[in-house]
Amino acid sequence: MTTPFVPPPYPYDRLNELSAMAVEIHGSAIDLSIGTPFDDPPPAVVAALSSSGAERSYPPSVGSPAFLASVQRWFARRCSIDIDQSAIGATIGSKEFVAGLPGLLHLRLPDRDTVLYPAVSYPSYEMGATLARLRAVPVPFGPDGQLDLGAIDPADIDRALLLWVNSPGNPTGHLDDLEAAARWGREHDVAVFSDECYFEFTWDGPGRTILEHGSEGVVSVHSLSKRSNLAGARAGFYAGDPELVTYLREIRKHSGMMVPGPVQAAAVVALDDDEHVDAQRERYRSRLALMADVLGRWSGEPVATPAGAFYLWIPTADGWDYAERLARDAGAIVSPGEFYGPGGAQYVRVAVVQPDEKIMMVAQRLEQHG
């Protein structure tokens with residue numbers, strides 16, 4: 001008899017008790033647990049969202065011609081990559097794509113049943129496999145902080161549908177060797193999907209995409225949620241291997257995966273504007289430095305800033321204990337590292353997404369507590 005699937009508790013719902021405690025002690029909770037943007041998107045983007053007239057008709061599932069052209073221009077401008085519009089597809093944000101991908105690929109390759117993903121990572125990589133009733137096999141990190149692709153069991157490689165890589169990585173902020181990942185995928189005939197939604201927030205050198213190393217067997221996944229503060233609008237895209245992208249574009253049509261027309265119109269304006277992204281980069285860079293200093297002085301241990309993304313990944317004896325103490329002392333809510341895999345249990349993740357005045361409020365509360 002097949003065991004029915006019972007959804008596990010959503011990780012961030014487990015923080016409700018800490019939020020209630022923060023409100024009781026401080027009158028408010030400052031949420032640094034989820035990577036949801038709090039800064040305003042550009043006014044021109046909001047204007048495009050409200051004035052396109054695109055709500056009247058069904059939008060193209062693959063992306064409107066204007067949207068695909070804007071993605072093409074973005075790759076050329078930000079990555080120096082020339083990619084054909086036929087090798088690009090639209091997504092309703094990136095999470096639905098991440099969670100739904102294994103099931104779609106399994107239809108294409110029913111003899112393969114395994115999803116490989118970073119051992120400490122965004123939970124949706126594992127959950128996507130679980131929802132498709134496939135095997136989720138974590139890939140460990142080596143001492144250098146890179147995925148240890150050599151540690152993957154050959155039996156798992158033979159069964160692999162895909163390998164997920166994420167760079168800059170959530171929650172650690174690490175930068176992976178995307179060239180090595182692309183090469184590994186081609187050597188083993190395993191599709192590599194590279195989640196690059198933090199591409200614009202790379203602090204150690206320029207942003208990197210796996211497509212710099214060719215498109216054969218690889219797909220790059222992006223989102224406007226972080227770069228343009230449009231998480232509520234839900235817009236993203238994938239691009240790369242023409243065969244893989246064509247398959248996904250066609251099958252997603254049948255399931256009604258369509259980015260709303262007004263959202264696509266707004267995304268065109270956002271993708272064509274680099275100025276607001278550069279301004280947002282500086283906000284996050286400043287907040288990372290400020291929060292690292294604040295928490296370092298509170299804990300008595302230096303806090304390192306990441307190579308990419310807008311999270312502090314802080315080692316500690318017990319992630320839940322750290323989160324509880326910070327909620328009590330400052331009313332700040334952060335994520336225990338176990339949300340991102342068993343290997344994260346002795347860490348916490350701090351998302352520096354709140355406005356500067358909220359970050360300063362955390363600092364003031366900690367100073368008053370001290």
# chains A, B, ... in the order shown; residues from 1 in each chain; ligands from 1

$ select_by_dssp --residues "range 108-305 of chain A" --states "alpha helix (DSSP H)" --output "VMD selection string"
chain A and resid 108 124 to 131 154 to 159 178 to 188 224 to 227 242 to 254 261 to 271 275 to 299

$ write_last_selection --atoms "C-alpha atoms" --output "PDB file, in the first residue's frame"
ATOM      1  CA  ARG A 108      10.976  13.072 -20.177  1.00  0.00           C
ATOM      2  CA  SER A 124      12.690  23.767  -2.427  1.00  0.00           C
ATOM      3  CA  TYR A 125      15.393  21.771  -4.225  1.00  0.00           C
ATOM      4  CA  GLU A 126      14.715  18.807  -1.956  1.00  0.00           C
ATOM      5  CA  MET A 127      10.972  19.452  -1.774  1.00  0.00           C
ATOM      6  CA  GLY A 128      10.674  19.499  -5.569  1.00  0.00           C
ATOM      7  CA  ALA A 129      11.959  15.930  -5.644  1.00  0.00           C
ATOM      8  CA  THR A 130       9.689  14.922  -2.771  1.00  0.00           C
ATOM      9  CA  LEU A 131       6.587  16.362  -4.445  1.00  0.00           C
ATOM     10  CA  PRO A 154      28.232   6.551  -9.093  1.00  0.00           C
ATOM     11  CA  ALA A 155      24.938   4.705  -8.539  1.00  0.00           C
ATOM     12  CA  ASP A 156      23.237   8.051  -7.833  1.00  0.00           C
ATOM     13  CA  ILE A 157      24.819   9.583 -10.928  1.00  0.00           C
ATOM     14  CA  ASP A 158      23.333   6.818 -13.069  1.00  0.00           C
ATOM     15  CA  ARG A 159      19.880   7.604 -11.685  1.00  0.00           C
ATOM     16  CA  LEU A 178      30.070  26.820 -12.217  1.00  0.00           C
ATOM     17  CA  GLU A 179      32.553  25.763 -14.881  1.00  0.00           C
ATOM     18  CA  ALA A 180      33.288  22.574 -12.932  1.00  0.00           C
ATOM     19  CA  ALA A 181      29.552  21.910 -12.502  1.00  0.00           C
ATOM     20  CA  ALA A 182      28.888  22.334 -16.226  1.00  0.00           C
ATOM     21  CA  ARG A 183      31.805  20.071 -17.088  1.00  0.00           C
ATOM     22  CA  TRP A 184      30.669  17.423 -14.591  1.00  0.00           C
ATOM     23  CA  GLY A 185      27.143  17.432 -16.024  1.00  0.00           C
ATOM     24  CA  ARG A 186      28.385  16.939 -19.583  1.00  0.00           C
ATOM     25  CA  GLU A 187      30.776  14.174 -18.555  1.00  0.00           C
ATOM     26  CA  HIS A 188      27.974  12.268 -16.814  1.00  0.00           C
ATOM     27  CA  LEU A 224      13.275  39.569 -10.592  1.00  0.00           C
ATOM     28  CA  SER A 225      12.149  39.165  -6.975  1.00  0.00           C
ATOM     29  CA  LYS A 226      15.498  40.108  -5.457  1.00  0.00           C
ATOM     30  CA  ARG A 227      17.124  42.322  -8.111  1.00  0.00           C
ATOM     31  CA  PRO A 242      17.959  24.726 -26.529  1.00  0.00           C
ATOM     32  CA  GLU A 243      16.638  21.162 -26.275  1.00  0.00           C
ATOM     33  CA  LEU A 244      15.916  21.367 -22.559  1.00  0.00           C
ATOM     34  CA  VAL A 245      14.387  24.833 -22.797  1.00  0.00           C
ATOM     35  CA  THR A 246      12.191  23.871 -25.765  1.00  0.00           C
ATOM     36  CA  TYR A 247      10.897  20.834 -23.881  1.00  0.00           C
ATOM     37  CA  LEU A 248      10.111  22.892 -20.774  1.00  0.00           C
ATOM     38  CA  ARG A 249       8.510  25.701 -22.750  1.00  0.00           C
ATOM     39  CA  GLU A 250       6.187  23.256 -24.495  1.00  0.00           C
ATOM     40  CA  ILE A 251       5.190  21.189 -21.464  1.00  0.00           C
ATOM     41  CA  ARG A 252       4.607  24.273 -19.312  1.00  0.00           C
ATOM     42  CA  LYS A 253       2.103  25.543 -21.880  1.00  0.00           C
ATOM     43  CA  HIS A 254      -0.099  22.546 -21.147  1.00  0.00           C
ATOM     44  CA  GLY A 261       0.608  40.060 -18.849  1.00  0.00           C
ATOM     45  CA  PRO A 262       0.900  43.176 -16.655  1.00  0.00           C
ATOM     46  CA  VAL A 263       3.737  41.507 -14.737  1.00  0.00           C
ATOM     47  CA  GLN A 264       5.578  40.752 -17.958  1.00  0.00           C
ATOM     48  CA  ALA A 265       5.196  44.397 -19.010  1.00  0.00           C
ATOM     49  CA  ALA A 266       6.622  45.547 -15.674  1.00  0.00           C
ATOM     50  CA  ALA A 267       9.448  43.016 -15.928  1.00  0.00           C
ATOM     51  CA  VAL A 268      10.535  44.474 -19.262  1.00  0.00           C
ATOM     52  CA  VAL A 269      10.980  47.892 -17.660  1.00  0.00           C
ATOM     53  CA  ALA A 270      12.800  46.383 -14.679  1.00  0.00           C
ATOM     54  CA  LEU A 271      15.183  44.269 -16.759  1.00  0.00           C
ATOM     55  CA  GLU A 275      20.456  51.906 -12.201  1.00  0.00           C
ATOM     56  CA  HIS A 276      17.941  50.731  -9.589  1.00  0.00           C
ATOM     57  CA  VAL A 277      19.810  47.422  -9.240  1.00  0.00           C
ATOM     58  CA  ASP A 278      23.099  49.214  -8.587  1.00  0.00           C
ATOM     59  CA  ALA A 279      21.396  51.326  -5.918  1.00  0.00           C
ATOM     60  CA  GLN A 280      19.934  48.210  -4.295  1.00  0.00           C
ATOM     61  CA  ARG A 281      23.365  46.568  -4.327  1.00  0.00           C
ATOM     62  CA  GLU A 282      24.761  49.397  -2.243  1.00  0.00           C
ATOM     63  CA  ARG A 283      21.877  49.168   0.236  1.00  0.00           C
ATOM     64  CA  TYR A 284      22.497  45.477   0.811  1.00  0.00           C
ATOM     65  CA  ARG A 285      26.257  45.879   0.943  1.00  0.00           C
ATOM     66  CA  SER A 286      25.879  48.563   3.631  1.00  0.00           C
ATOM     67  CA  ARG A 287      23.344  46.537   5.632  1.00  0.00           C
ATOM     68  CA  LEU A 288      25.513  43.434   5.568  1.00  0.00           C
ATOM     69  CA  ALA A 289      28.434  45.377   7.018  1.00  0.00           C
ATOM     70  CA  LEU A 290      26.275  47.102   9.631  1.00  0.00           C
ATOM     71  CA  MET A 291      24.492  43.957  10.795  1.00  0.00           C
ATOM     72  CA  ALA A 292      27.725  41.959  10.877  1.00  0.00           C
ATOM     73  CA  ASP A 293      29.199  44.610  13.172  1.00  0.00           C
ATOM     74  CA  VAL A 294      26.086  44.761  15.380  1.00  0.00           C
ATOM     75  CA  LEU A 295      25.811  40.997  15.836  1.00  0.00           C
ATOM     76  CA  GLY A 296      29.541  40.584  16.255  1.00  0.00           C
ATOM     77  CA  ARG A 297      29.582  43.019  19.162  1.00  0.00           C
ATOM     78  CA  TRP A 298      26.494  41.374  20.701  1.00  0.00           C
ATOM     79  CA  SER A 299      27.810  37.821  20.463  1.00  0.00           C
TER      80      SER A 299
END

$ closest_atom_pairs --of "range 255-356 of chain A" --to "range 12-35 of chain A" --cutoff "6 Å" --atoms "only C-alpha atoms" --output "tab-separated table"
residue	atom	partner	partner_atom	distance
A:Ala327	CA	A:Ala22	CA	5.4
A:Arg328	CA	A:Ala22	CA	5.9
A:Gly331	CA	A:Ala22	CA	4.3
A:Ala332	CA	A:Ile30	CA	4.7
A:Ile333	CA	A:Asp31	CA	4.9
A:Val334	CA	A:Ser33	CA	4.1
A:Ser335	CA	A:Ser33	CA	4.9
A:Val350	CA	A:Leu32	CA	5.6
A:Ala351	CA	A:Leu32	CA	4.8

$ write_last_selection --atoms "C-alpha atoms" --output "tab-separated table (two decimals), in the first residue's frame"
chain	number	residue	atom	x	y	z
A	327	ALA	CA	14.37	37.43	19.50
A	328	ARG	CA	14.44	38.00	23.27
A	331	GLY	CA	13.00	41.40	18.85
A	332	ALA	CA	14.77	40.24	15.67
A	333	ILE	CA	13.63	37.03	13.98
A	334	VAL	CA	16.27	35.00	12.14
A	335	SER	CA	16.31	31.51	10.63
A	350	VAL	CA	20.19	36.59	8.90
A	351	ALA	CA	18.50	38.29	5.93

$ select_by_dssp --residues "range 91-239 of chain A" --states "strand (DSSP E or B)" --output "PyMOL selection string"
chain A and resi 91+114-118+135-139+141+147+160-166+191-195+202+218-223+236-239

$ write_last_selection --atoms "C-alpha atoms" --output "PDB file, in the first residue's frame"
ATOM      1  CA  THR A  91       8.564  31.616 -14.943  1.00  0.00           C
ATOM      2  CA  THR A 114      17.124  11.197  -8.486  1.00  0.00           C
ATOM      3  CA  VAL A 115      17.587  14.906  -7.861  1.00  0.00           C
ATOM      4  CA  LEU A 116      21.049  15.989  -6.701  1.00  0.00           C
ATOM      5  CA  TYR A 117      21.195  19.225  -4.711  1.00  0.00           C
ATOM      6  CA  PRO A 118      23.535  21.077  -2.314  1.00  0.00           C
ATOM      7  CA  ARG A 135      14.778  10.606  -4.579  1.00  0.00           C
ATOM      8  CA  ALA A 136      16.493  13.710  -3.213  1.00  0.00           C
ATOM      9  CA  VAL A 137      20.215  13.133  -2.687  1.00  0.00           C
ATOM     10  CA  PRO A 138      22.278  15.892  -1.042  1.00  0.00           C
ATOM     11  CA  VAL A 139      25.751  16.704  -2.358  1.00  0.00           C
ATOM     12  CA  PHE A 141      30.500  20.713   0.307  1.00  0.00           C
ATOM     13  CA  LEU A 147      30.246  21.396  -3.990  1.00  0.00           C
ATOM     14  CA  ALA A 160      20.213  11.404 -11.717  1.00  0.00           C
ATOM     15  CA  LEU A 161      17.662  13.548 -13.518  1.00  0.00           C
ATOM     16  CA  LEU A 162      19.451  16.774 -12.685  1.00  0.00           C
ATOM     17  CA  LEU A 163      21.956  18.514 -10.457  1.00  0.00           C
ATOM     18  CA  TRP A 164      21.039  21.797  -8.804  1.00  0.00           C
ATOM     19  CA  VAL A 165      23.738  24.376  -8.147  1.00  0.00           C
ATOM     20  CA  ASN A 166      23.117  27.736  -6.495  1.00  0.00           C
ATOM     21  CA  ALA A 191      21.384  18.191 -16.771  1.00  0.00           C
ATOM     22  CA  VAL A 192      22.695  20.983 -14.520  1.00  0.00           C
ATOM     23  CA  PHE A 193      20.298  23.717 -13.430  1.00  0.00           C
ATOM     24  CA  SER A 194      22.010  26.765 -11.953  1.00  0.00           C
ATOM     25  CA  ASP A 195      19.896  28.927  -9.639  1.00  0.00           C
ATOM     26  CA  THR A 202      27.821  39.137  -6.011  1.00  0.00           C
ATOM     27  CA  VAL A 218      22.875  23.478 -18.615  1.00  0.00           C
ATOM     28  CA  VAL A 219      20.106  25.922 -17.755  1.00  0.00           C
ATOM     29  CA  SER A 220      20.439  29.214 -15.894  1.00  0.00           C
ATOM     30  CA  VAL A 221      17.510  30.255 -13.647  1.00  0.00           C
ATOM     31  CA  HIS A 222      16.848  33.864 -12.619  1.00  0.00           C
ATOM     32  CA  SER A 223      14.260  35.908 -10.759  1.00  0.00           C
ATOM     33  CA  GLY A 236      11.557  35.140 -13.550  1.00  0.00           C
ATOM     34  CA  PHE A 237      13.128  33.276 -16.428  1.00  0.00           C
ATOM     35  CA  TYR A 238      15.273  30.327 -17.418  1.00  0.00           C
ATOM     36  CA  ALA A 239      17.649  30.060 -20.359  1.00  0.00           C
TER      37      ALA A 239
END

$ atom_distance --atom1 "CA of Asp241 in chain A" --atom2 "CA of Ile210 in chain A"
11.1 Å

$ closest_residue --among "A:Tyr58, A:Phe38, A:Trp74, A:Phe5" --to "Gly256 in chain A" --atoms "only C-alpha atoms"
A:Tyr58
